[in-house]
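Chemist: The structure file entry28.cif (mmCIF, C-alpha atoms and all ligand atoms) is provided below.
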```cif
data_coords
#
loop_
_atom_site.label_atom_id
_atom_site.label_comp_id
_atom_site.auth_asym_id
_atom_site.auth_seq_id
_atom_site.Cartn_x
_atom_site.Cartn_y
_atom_site.Cartn_z
CA MET R 1 0.00 0.00 0.00
CA ASN R 2 1.12 3.54 -0.66
CA PRO R 3 2.14 4.74 2.84
CA LEU R 4 0.89 8.21 2.02
CA LEU R 5 -2.61 6.74 2.16
CA ASN R 6 -2.21 6.01 5.87
CA PRO R 7 -5.08 8.08 7.38
CA ILE R 8 -3.15 9.22 10.46
CA LEU R 9 -0.22 10.41 8.39
CA LEU R 10 -2.56 12.03 5.88
CA SER R 11 -4.47 14.00 8.51
CA LYS R 12 -1.22 15.14 10.17
CA LEU R 13 0.08 16.23 6.79
CA ALA R 14 -3.11 18.06 5.89
CA TRP R 15 -2.92 19.99 9.15
CA ASN R 16 0.74 20.82 8.57
CA TYR R 17 0.07 21.75 4.99
CA PHE R 18 -2.39 24.48 5.92
CA SER R 19 -0.23 25.94 8.67
CA ILE R 20 3.02 25.84 6.71
CA MET R 21 1.65 27.17 3.43
CA GLY R 22 0.58 30.54 4.83
CA ARG R 23 2.99 31.05 7.71
CA ILE R 24 5.68 33.24 6.12
CA TRP R 25 3.00 35.72 5.00
CA LYS R 26 0.80 35.50 8.07
CA LEU R 27 3.30 35.94 10.89
CA ASN R 28 4.91 39.34 11.37
CA LYS R 29 8.57 39.61 12.34
CA ASP R 30 7.99 39.42 16.11
CA GLU R 31 5.60 36.51 15.81
CA MET R 32 8.09 34.66 13.60
CA LYS R 33 10.85 35.25 16.14
CA ARG R 34 8.63 33.83 18.88
CA TYR R 35 7.75 30.86 16.69
CA GLN R 36 11.44 30.20 16.06
CA GLU R 37 12.18 30.46 19.76
CA LYS R 38 9.46 27.98 20.68
CA MET R 39 10.56 25.48 18.02
CA PHE R 40 14.26 25.90 18.84
CA LEU R 41 13.65 24.91 22.46
CA LYS R 42 11.51 21.95 21.37
CA VAL R 43 14.24 20.71 19.02
CA LEU R 44 16.90 21.18 21.69
CA ARG R 45 15.03 19.09 24.27
CA TYR R 46 14.21 16.48 21.64
CA ALA R 47 17.87 16.22 20.59
CA TYR R 48 19.19 16.07 24.14
CA HIS R 49 16.74 13.51 25.45
CA LYS R 50 16.45 11.33 22.36
CA THR R 51 19.88 11.14 20.77
CA ILE R 52 23.18 9.81 22.10
CA PHE R 53 25.21 12.33 20.10
CA TYR R 54 23.69 15.58 21.39
CA ARG R 55 23.43 14.36 24.98
CA LYS R 56 27.12 13.41 25.05
CA LYS R 57 28.15 16.60 23.27
CA TYR R 58 26.28 19.00 25.54
CA ASP R 59 27.24 17.11 28.70
CA ALA R 60 30.89 17.19 27.67
CA ALA R 61 30.64 20.94 27.04
CA GLY R 62 29.02 21.44 30.45
CA VAL R 63 25.83 22.89 28.96
CA ASP R 64 22.70 22.68 31.07
CA ILE R 65 19.98 22.74 28.45
CA GLU R 66 17.39 23.76 31.05
CA LYS R 67 19.25 27.06 31.26
CA ILE R 68 18.76 27.72 27.54
CA ARG R 69 15.61 29.82 27.57
CA GLY R 70 15.67 31.42 24.15
CA LEU R 71 17.57 32.18 20.98
CA GLU R 72 19.97 34.53 22.79
CA ASP R 73 21.11 31.75 25.16
CA SER R 74 21.44 29.34 22.27
CA LYS R 75 24.79 30.96 21.48
CA ASN R 76 26.16 28.96 24.43
CA LEU R 77 25.55 25.71 22.58
CA PRO R 78 28.66 24.35 20.84
CA LEU R 79 28.63 24.24 17.04
CA VAL R 80 28.37 20.97 15.10
CA SER R 81 30.81 20.66 12.19
CA LYS R 82 30.41 18.62 9.04
CA GLU R 83 33.30 16.32 9.99
CA GLU R 84 31.75 15.72 13.40
CA LEU R 85 28.35 14.79 11.97
CA ALA R 86 29.99 12.60 9.32
CA SER R 87 31.93 10.70 11.98
CA LYS R 88 28.75 9.63 13.83
CA SER R 89 26.71 6.53 13.14
CA LEU R 90 22.96 6.69 12.59
CA GLU R 91 22.49 5.01 15.99
CA GLU R 92 24.09 8.04 17.61
CA ILE R 93 22.26 10.81 15.76
CA LEU R 94 18.84 9.27 15.12
CA PRO R 95 16.37 8.68 17.99
CA ARG R 96 15.71 5.01 18.63
CA LYS R 97 12.00 5.25 17.80
CA TYR R 98 12.83 5.72 14.09
CA ARG R 99 14.90 2.54 13.76
CA ASP R 100 12.09 0.57 12.17
CA LYS R 101 10.01 3.46 10.82
CA MET R 102 9.48 4.11 7.13
CA GLY R 103 11.88 6.60 5.72
CA TYR R 104 14.85 7.33 3.51
CA LYS R 105 18.53 6.81 4.12
CA VAL R 106 20.52 9.38 2.16
CA SER R 107 24.08 10.61 2.06
CA THR R 108 25.45 14.05 1.32
CA SER R 109 27.78 14.36 -1.65
CA GLY R 110 31.26 13.79 -0.33
CA SER R 111 33.00 16.24 -2.66
CA SER R 112 35.17 17.28 0.27
CA GLY R 113 35.81 14.60 2.85
CA LYS R 114 33.57 11.89 4.25
CA PRO R 115 29.87 11.99 3.36
CA ILE R 116 27.22 12.35 6.07
CA ILE R 117 24.68 9.54 6.33
CA LEU R 118 21.26 10.79 7.37
CA PHE R 119 17.83 9.28 7.79
CA PHE R 120 14.65 11.14 6.92
CA PRO R 121 11.43 9.62 8.27
CA LEU R 122 8.60 9.66 5.73
CA TYR R 123 6.78 12.28 7.81
CA GLU R 124 9.77 14.66 7.84
CA SER R 125 10.35 14.19 4.10
CA THR R 126 6.77 15.10 3.27
CA ILE R 127 6.96 18.17 5.53
CA ASN R 128 10.16 19.24 3.75
CA SER R 129 8.44 18.87 0.41
CA ILE R 130 5.58 21.14 1.53
CA TYR R 131 8.23 23.85 1.93
CA GLY R 132 9.25 23.17 -1.67
CA LEU R 133 5.68 23.58 -2.89
CA ARG R 134 5.42 26.84 -0.94
CA ILE R 135 8.05 28.33 -3.26
CA LEU R 136 5.80 27.62 -6.24
CA LYS R 137 3.02 29.40 -4.35
CA ALA R 138 5.33 32.37 -3.72
CA TYR R 139 5.78 32.56 -7.51
CA GLY R 140 2.03 32.68 -8.03
CA LEU R 141 1.87 29.15 -9.46
CA ASN R 142 -0.65 26.46 -8.65
CA TRP R 143 1.49 23.53 -7.47
CA ARG R 144 -1.30 21.06 -8.17
CA LYS R 145 -1.02 21.90 -11.85
CA ALA R 146 2.46 23.29 -12.40
CA ARG R 147 4.71 21.20 -14.64
CA VAL R 148 8.14 21.05 -13.06
CA SER R 149 11.33 19.72 -14.64
CA ASN R 150 13.99 19.00 -12.06
CA ILE R 151 17.49 18.36 -13.40
CA GLY R 152 19.17 16.86 -10.35
CA ASP R 153 21.16 14.00 -8.90
CA PHE R 154 18.53 11.56 -10.09
CA SER R 155 20.80 8.78 -11.23
CA ILE R 156 22.96 8.91 -8.11
CA PRO R 157 22.00 6.29 -5.48
CA GLY R 158 21.85 7.70 -1.95
CA SER R 159 21.26 11.29 -3.12
CA SER R 160 18.21 12.97 -1.66
CA ASP R 161 16.92 13.64 -5.21
CA GLU R 162 17.04 9.96 -6.15
CA GLU R 163 15.84 8.53 -2.84
CA ILE R 164 13.35 11.09 -1.50
CA TYR R 165 12.26 13.44 -4.29
CA ARG R 166 11.72 10.67 -6.82
CA ASP R 167 9.75 8.45 -4.46
CA LEU R 168 7.53 11.17 -3.00
CA ALA R 169 6.88 12.86 -6.35
CA GLU R 170 5.95 9.54 -7.96
CA LYS R 171 3.61 8.65 -5.09
CA ALA R 172 1.97 12.08 -5.04
CA MET R 173 1.58 12.11 -8.84
CA SER R 174 -0.05 8.66 -8.80
CA MET R 175 -2.54 10.04 -6.24
CA LYS R 176 -3.16 13.09 -8.48
CA LEU R 177 -2.04 15.34 -5.62
CA LEU R 178 0.69 16.98 -7.61
CA GLY R 179 1.23 18.43 -11.07
CA GLU R 180 3.60 16.53 -13.38
CA HIS R 181 7.22 16.46 -12.20
CA GLN R 182 9.87 15.42 -14.68
CA MET R 183 13.05 14.08 -13.09
CA LEU R 184 16.13 14.40 -15.28
CA SER R 185 19.65 13.34 -14.48
CA VAL R 186 22.39 15.92 -14.31
CA ASN R 187 24.62 13.34 -16.04
CA GLU R 188 22.64 13.46 -19.31
CA SER R 189 24.14 15.43 -22.19
CA GLY R 190 22.80 18.91 -22.84
CA GLU R 191 21.25 17.76 -26.14
CA ILE R 192 19.29 14.97 -24.44
CA LEU R 193 18.13 17.32 -21.67
CA ILE R 194 16.91 19.84 -24.27
CA LYS R 195 15.04 17.09 -26.10
CA ARG R 196 13.33 15.84 -22.94
CA LEU R 197 12.46 19.40 -21.86
CA SER R 198 10.99 20.12 -25.30
CA GLU R 199 8.75 17.07 -25.02
CA PHE R 200 7.66 17.90 -21.47
CA LYS R 201 7.18 21.69 -21.77
CA PRO R 202 7.72 22.68 -18.14
CA ASP R 203 6.42 25.80 -16.36
CA VAL R 204 9.41 25.63 -14.04
CA ILE R 205 12.92 24.23 -14.53
CA ILE R 206 15.16 23.51 -11.53
CA GLY R 207 18.86 22.76 -11.99
CA TYR R 208 22.49 23.50 -11.17
CA THR R 209 23.71 26.87 -12.46
CA SER R 210 26.37 25.35 -14.74
CA VAL R 211 23.88 22.90 -16.27
CA LEU R 212 21.44 25.75 -16.91
CA VAL R 213 24.22 27.80 -18.53
CA ASN R 214 25.00 24.92 -20.87
CA LEU R 215 21.30 24.62 -21.80
CA ALA R 216 21.15 28.39 -22.34
CA PHE R 217 23.89 28.11 -24.99
CA LEU R 218 22.09 25.26 -26.74
CA ARG R 219 18.90 27.31 -26.67
CA LYS R 220 20.73 30.28 -28.19
CA GLU R 221 22.04 27.95 -30.90
CA GLY R 222 18.45 27.23 -31.85
CA LEU R 223 17.67 24.02 -29.96
CA GLY R 224 14.53 23.61 -27.86
CA GLU R 225 12.71 26.72 -29.03
CA ASP R 226 9.46 25.35 -27.62
CA ILE R 227 10.86 25.27 -24.06
CA ARG R 228 9.15 28.27 -22.48
CA PRO R 229 9.26 28.08 -18.68
CA LYS R 230 7.95 30.93 -16.54
CA TYR R 231 10.66 30.44 -13.95
CA ILE R 232 14.07 28.81 -13.86
CA ILE R 233 15.38 27.97 -10.41
CA SER R 234 19.13 27.72 -9.95
CA SER R 235 20.44 25.71 -7.04
CA GLY R 236 23.48 23.90 -5.72
CA GLU R 237 26.03 26.36 -7.08
CA ILE R 238 26.71 30.08 -6.86
CA LEU R 239 24.40 31.98 -9.19
CA ASP R 240 26.52 34.84 -10.48
CA LYS R 241 25.14 37.88 -12.29
CA TYR R 242 26.58 36.82 -15.65
CA SER R 243 25.09 33.32 -15.59
CA ARG R 244 21.75 34.66 -14.42
CA LYS R 245 21.52 37.10 -17.34
CA LEU R 246 22.68 34.48 -19.83
CA ILE R 247 19.99 31.99 -18.76
CA GLU R 248 17.31 34.69 -18.59
CA ASP R 249 18.07 35.98 -22.08
CA ALA R 250 18.23 32.52 -23.64
CA PHE R 251 14.91 31.30 -22.24
CA ASP R 252 13.17 34.66 -21.80
CA ALA R 253 12.24 33.55 -18.28
CA GLU R 254 12.92 34.82 -14.79
CA VAL R 255 15.80 33.10 -12.99
CA LYS R 256 15.45 32.58 -9.25
CA ASN R 257 18.07 31.50 -6.75
CA LEU R 258 17.55 28.68 -4.27
CA TYR R 259 19.70 27.88 -1.23
CA ALA R 260 19.14 24.27 -0.28
CA SER R 261 21.12 21.26 0.90
CA THR R 262 20.52 17.77 2.26
CA GLU R 263 21.32 18.79 5.83
CA GLY R 264 19.75 22.26 5.70
CA ALA R 265 16.66 21.44 3.58
CA ILE R 266 15.41 24.63 1.91
CA THR R 267 17.36 27.24 3.83
CA ALA R 268 16.36 30.23 1.68
CA PHE R 269 14.72 31.12 -1.63
CA GLU R 270 14.50 34.20 -3.81
CA CYS R 271 11.15 35.99 -3.87
CA LEU R 272 9.55 37.78 -6.82
CA GLU R 273 11.16 41.04 -5.65
CA GLY R 274 14.59 39.44 -6.01
CA LYS R 275 15.35 39.07 -2.29
CA MET R 276 16.70 35.86 -0.71
CA HIS R 277 14.30 35.07 2.12
CA VAL R 278 15.32 32.70 4.88
CA ASN R 279 12.77 29.90 5.25
CA ALA R 280 12.54 31.08 8.83
CA ASP R 281 9.85 28.71 10.09
CA LEU R 282 11.99 25.73 9.07
CA ILE R 283 15.54 27.04 9.50
CA TYR R 284 17.01 29.33 12.10
CA LEU R 285 20.00 30.89 10.34
CA GLU R 286 22.77 32.64 12.26
CA THR R 287 26.12 33.97 11.15
CA VAL R 288 29.23 33.48 13.27
CA ASP R 289 32.90 34.63 13.11
CA GLU R 290 31.70 37.92 11.76
CA GLU R 291 34.29 39.89 9.87
CA GLY R 292 32.51 43.06 9.04
CA LYS R 293 29.03 41.74 8.45
CA ILE R 294 29.72 38.53 6.60
CA GLY R 295 29.98 35.38 8.68
CA ASN R 296 29.84 31.63 8.39
CA ALA R 297 26.29 30.28 8.08
CA VAL R 298 25.12 28.25 11.06
CA ILE R 299 21.75 26.53 10.84
CA THR R 300 19.25 24.90 13.15
CA LYS R 301 16.40 22.89 11.71
CA LEU R 302 13.25 23.81 13.62
CA LEU R 303 11.68 20.37 13.32
CA PRO R 304 11.78 17.94 16.26
CA VAL R 305 11.67 14.95 13.89
CA GLY R 306 14.34 12.59 12.51
CA VAL R 307 18.00 13.57 12.85
CA PRO R 308 18.19 16.88 14.75
CA ILE R 309 20.39 19.56 13.19
CA ILE R 310 21.36 22.16 15.81
CA ARG R 311 23.88 24.97 15.29
CA TYR R 312 25.38 23.16 12.34
CA SER R 313 28.29 24.97 10.66
CA GLY R 314 28.92 22.39 7.94
CA LEU R 315 27.31 24.27 5.04
CA ALA R 316 30.47 26.42 5.24
CA ASP R 317 28.90 29.26 3.27
CA MET R 318 29.54 32.89 4.06
CA VAL R 319 26.37 34.93 4.39
CA SER R 320 25.19 38.26 5.68
CA LEU R 321 21.70 38.82 7.02
CA SER R 322 19.39 41.81 6.94
CA ASP R 323 16.18 42.60 8.75
CA GLU R 324 14.86 44.92 6.03
CA ASP R 325 11.25 44.75 4.87
CA CYS R 326 10.34 43.30 1.50
CA GLU R 327 7.57 44.43 -0.84
CA CYS R 328 6.60 40.82 -1.56
CA GLY R 329 4.87 40.47 1.79
CA ILE R 330 7.05 37.67 3.18
CA ASN R 331 8.20 38.67 6.67
CA THR R 332 11.37 36.62 7.10
CA PRO R 333 15.02 37.76 7.34
CA ILE R 334 16.80 38.38 4.06
CA ILE R 335 20.19 37.05 3.04
CA LYS R 336 21.96 40.08 1.61
CA SER R 337 24.86 38.15 0.25
CA LEU R 338 25.35 34.46 -0.21
CA GLU R 339 29.03 34.18 -0.84
CA GLY R 340 29.86 30.51 -1.07
CA ARG R 341 32.53 28.60 0.73
CA LYS R 342 35.34 30.27 2.58
CA ARG R 343 37.79 27.53 1.66
CA GLU R 344 36.93 28.19 -1.98
CA SER R 345 37.84 31.87 -1.75
CA ILE R 346 40.75 33.94 -3.02
CA VAL R 347 42.92 35.02 -0.10
CA LEU R 348 45.08 38.12 -0.56
CA PRO R 349 48.29 39.13 1.23
CA ASP R 350 46.48 42.02 2.97
CA ARG R 351 44.16 39.32 4.46
CA ARG R 352 41.24 40.29 2.27
CA VAL R 353 39.08 37.31 1.34
CA ILE R 354 37.31 37.36 -2.02
CA PRO R 355 34.57 34.72 -1.95
CA PRO R 356 33.37 32.84 -5.04
CA ALA R 357 30.23 34.97 -5.46
CA SER R 358 32.15 38.26 -5.54
CA ALA R 359 35.18 37.03 -7.49
CA PRO R 360 33.52 37.26 -10.96
CA LEU R 361 32.38 40.90 -10.61
CA PRO R 362 35.24 42.61 -12.56
CA LEU R 363 34.99 39.84 -15.16
CA ILE R 364 31.28 40.50 -15.61
CA GLU R 365 31.98 44.21 -15.97
CA SER R 366 34.45 43.57 -18.80
CA LEU R 367 32.07 41.17 -20.56
CA GLU R 368 29.33 43.81 -20.44
CA LYS R 369 31.67 46.53 -21.67
CA PHE R 370 32.64 44.44 -24.71
CA ASN R 371 29.15 43.04 -25.09
CA VAL R 372 30.49 39.47 -25.02
CA THR R 373 27.94 36.78 -24.21
CA ASN R 374 29.69 33.56 -25.18
CA LEU R 375 31.67 32.85 -22.04
CA GLU R 376 30.60 29.37 -20.96
CA ARG R 377 32.45 29.00 -17.70
CA PHE R 378 35.22 30.59 -15.70
CA GLN R 379 37.50 29.58 -12.88
CA PHE R 380 39.97 31.34 -10.61
CA TYR R 381 43.05 29.36 -9.75
CA GLN R 382 45.24 30.70 -6.97
CA GLU R 383 48.44 28.75 -6.77
CA LYS R 384 50.27 31.04 -4.35
CA MET R 385 49.24 34.06 -2.34
CA ASP R 386 50.60 36.40 -5.04
CA ARG R 387 49.53 34.50 -8.14
CA VAL R 388 46.02 34.19 -9.56
CA GLU R 389 45.16 32.61 -12.87
CA ILE R 390 41.79 33.36 -14.45
CA ARG R 391 40.65 30.61 -16.80
CA LEU R 392 37.98 31.32 -19.37
CA LYS R 393 36.16 28.85 -21.58
CA PHE R 394 34.39 30.49 -24.51
CA ARG R 395 31.84 28.96 -26.81
CA GLY R 396 32.47 29.81 -30.45
CA GLU R 397 34.11 32.99 -31.74
CA THR R 398 34.76 36.00 -29.52
CA ARG R 399 35.02 39.50 -30.91
CA GLU R 400 38.01 41.63 -29.80
CA LYS R 401 39.25 38.77 -27.66
CA GLU R 402 42.74 40.19 -27.05
CA LYS R 403 41.34 43.52 -25.87
CA LEU R 404 38.78 41.77 -23.67
CA LEU R 405 41.39 39.59 -21.95
CA LYS R 406 43.55 42.67 -21.35
CA ASP R 407 40.59 44.53 -19.85
CA ILE R 408 39.78 41.61 -17.53
CA GLU R 409 43.40 41.48 -16.42
CA GLU R 410 43.40 45.19 -15.61
CA GLY R 411 40.14 44.85 -13.68
CA TYR R 412 41.66 42.19 -11.43
CA ARG R 413 44.96 44.02 -10.98
CA LYS R 414 42.92 46.90 -9.59
CA LEU R 415 40.87 44.61 -7.32
CA PHE R 416 43.75 42.53 -5.99
CA GLY R 417 46.19 45.40 -5.60
CA LYS R 418 49.93 45.69 -6.21
CA GLY R 419 52.24 42.70 -6.13
CA ILE R 420 49.77 40.08 -7.35
CA ARG R 421 50.48 38.39 -10.64
CA VAL R 422 47.28 38.08 -12.66
CA GLU R 423 47.14 35.85 -15.71
CA VAL R 424 44.04 35.60 -17.89
CA LYS R 425 43.97 32.44 -20.00
CA GLU R 426 41.61 30.91 -22.50
CA VAL R 427 41.18 27.17 -21.82
CA GLU R 428 39.54 24.21 -23.56
CA LYS R 429 38.37 22.59 -20.36
CA ILE R 430 37.68 23.77 -16.81
CA GLU R 431 39.48 21.81 -14.10
CA ASN R 432 37.34 19.76 -11.74
CA PRO R 433 39.36 18.21 -8.91
CA SER R 434 36.28 17.00 -7.03
CA GLY R 435 35.29 14.48 -9.70
CA PRO R 436 31.60 13.77 -10.26
CA SER R 437 30.27 17.07 -8.86
CA LEU R 438 30.53 20.35 -10.75
CA PRO R 439 33.77 22.35 -11.12
CA PRO R 440 34.37 25.02 -8.45
CA THR R 441 34.54 28.74 -9.31
CA VAL R 442 37.64 29.22 -7.18
CA ILE R 443 40.45 26.76 -6.54
CA SER R 444 42.88 28.15 -4.00
CA ARG R 445 46.01 26.45 -2.73
CA VAL R 446 46.35 29.18 -0.10
CA ARG R 447 44.98 28.25 3.31
CA LEU R 448 43.64 30.71 5.84
CA GLU R 449 45.17 30.31 9.28
ZN ZN R 501 10.51 39.32 -0.73
#
```
I'd like the structure from this file rewritten - as structure tokens, please.

Modeler:
Amino acid sequence: MNPLLNPILLSKLAWNYFSIMGRIWKLNKDEMKRYQEKMFLKVLRYAYHKTIFYRKKYDAAGVDIEKIRGLEDSKNLPLVSKEELASKSLEEILPRKYRDKMGYKVSTSGSSGKPIILFFPLYESTINSIYGLRILKAYGLNWRKARVSNIGDFSIPGSSDEEIYRDLAEKAMSMKLLGEHQMLSVNESGEILIKRLSEFKPDVIIGYTSVLVNLAFLRKEGLGEDIRPKYIISSGEILDKYSRKLIEDAFDAEVKNLYASTEGAITAFECLEGKMHVNADLIYLETVDEEGKIGNAVITKLLPVGVPIIRYSGLADMVSLSDEDCECGINTPIIKSLEGRKRESIVLPDRRVIPPASAPLPLIESLEKFNVTNLERFQFYQEKMDRVEIRLKFRGETREKEKLLKDIEEGYRKLFGKGIRVEVKEVEKIENPSGPSLPPTVISRVRLE
């Protein structure tokens, strides 16, 4: 039997559905803060009393969880790193009551280090997917009808796309609860993806930025002219200004940014006004080690179900938060900049750190100045503190290429300052040391102390 037909689960889900769907519009900022506080304390007690890992960790740190009364006190809780979570067995991080419950075992992509093995009970997975549908609602779409093409990790066993998304989407579609969702593998060639998208005719396409850029070029070359999505959602990689414009122009559709991960679920999404809203009723996002206003993202999942995630620093992204209001009517904090990983940043002798999201800015300026739109991918390679190579992969012929490369070089000399050797190089292929995942924007051999 389809477990989604279980009447108890169904009624719980229906109740959750109605409360989750409206919450980010309904609650004002103070009410949201109070909601977060209440859920944080619930999750903390759940984690401490039900898991071996958190109880040992907090006891060892001498934390009395009864003394944590709110979000302010939560700063006394020690952080959980990616390595730490990866080193624990499911028995240690998952409450005993889930051992024989229905659910999904998934692992995070181990592009750097050991992967984390997590377990998502069926109930938690369906709740997480309601947050996904809420994004479609925020875009004014009817999720019961919207045709969604998701180009993800669908052929990769153990990925949350393959294990959770596929199963839940197929079950919900068979029950006619959901519009058609097409699941395409990121490993397919661009030509095949275009063909499948043309047949399916999605309202929304979700994919990695670099995959979407590749499709944008094919579209510009005349393939898939009948692919006319309203929205294209970029996820899993930094969405830079150049790639965004390229995809938007090729498909004549709005591109929206999504900040999601296996551990952090949907942490934030871009609204119709172009602001990145934290999914504040699911994720409490803090920034720590602030230098200026940008700090390392630390998340707590506000759901006392499955594997608790409390003050987790393993996303390793640099973010800055703002409390400004947004015209769209969603009352959650806004991520002003989402900068990518610190260890994938350019580090300069004057201790400035240029993160992967900011690094392409001078490059984009030069491309706009020369009106060049055929750059397929770029990469910054920093071999030593005083030596940065900028690798560019073009598609087809480039007008005034010599002048363009010179202009890019000058732009970076200005940004980096004196004493840094900048080399701009055209390449045939972009280096990808991490293997099956997508090539990084910045490779730096310089380590921050
Ligand atoms: Zn907004």

Chemist: Set the distance at 8 Å and use all atoms listed in the file: which residues neighbour Leu338 of chain R once local chain neighbours fewer than 3 positions away are removed? I'd like the list as a PyMOL selection string.

Modeler: chain R and resi 317-320+335+357

Chemist: Which one is closest to Tyr139 of chain R: R:Met183, R:Leu375, R:Cys271, R:Ile206? Count all atoms listed in the file.

Modeler: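 Using all atoms listed in the file, the shortest distance to Tyr139 of chain R belongs to R:Cys271.
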
Chemist: Put the listed atoms of segment 394-407 of chain R in a box along x, y and z with 4 Å added on every side and give me the centre and edge lengths in Å to one decimal, as AutoDock Vina command-line options.

Modeler:
```
--center_x 37.7 --center_y 36.7 --center_z -25.8 --size_x 19.7 --size_y 23.6 --size_z 19.9
```

Chemist: With distances taken over all atoms listed in the file, which residue among R:Lys406, R:Glu344, R:Val278, R:Thr373 lies nearest ligand ZN 501 (chain R)?

Modeler: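 Among R:Lys406, R:Glu344, R:Val278, R:Thr373, it is R:Val278 that comes nearest to ligand ZN 501 (chain R).
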
Chemist: Within 6 Å of ligand ZN 501 (chain R), counting all atoms listed in the file, which protein or nucleic acid residues do you find, written as number ranges by chain?

Modeler: R: 271, 273, 275, 326-328, 330
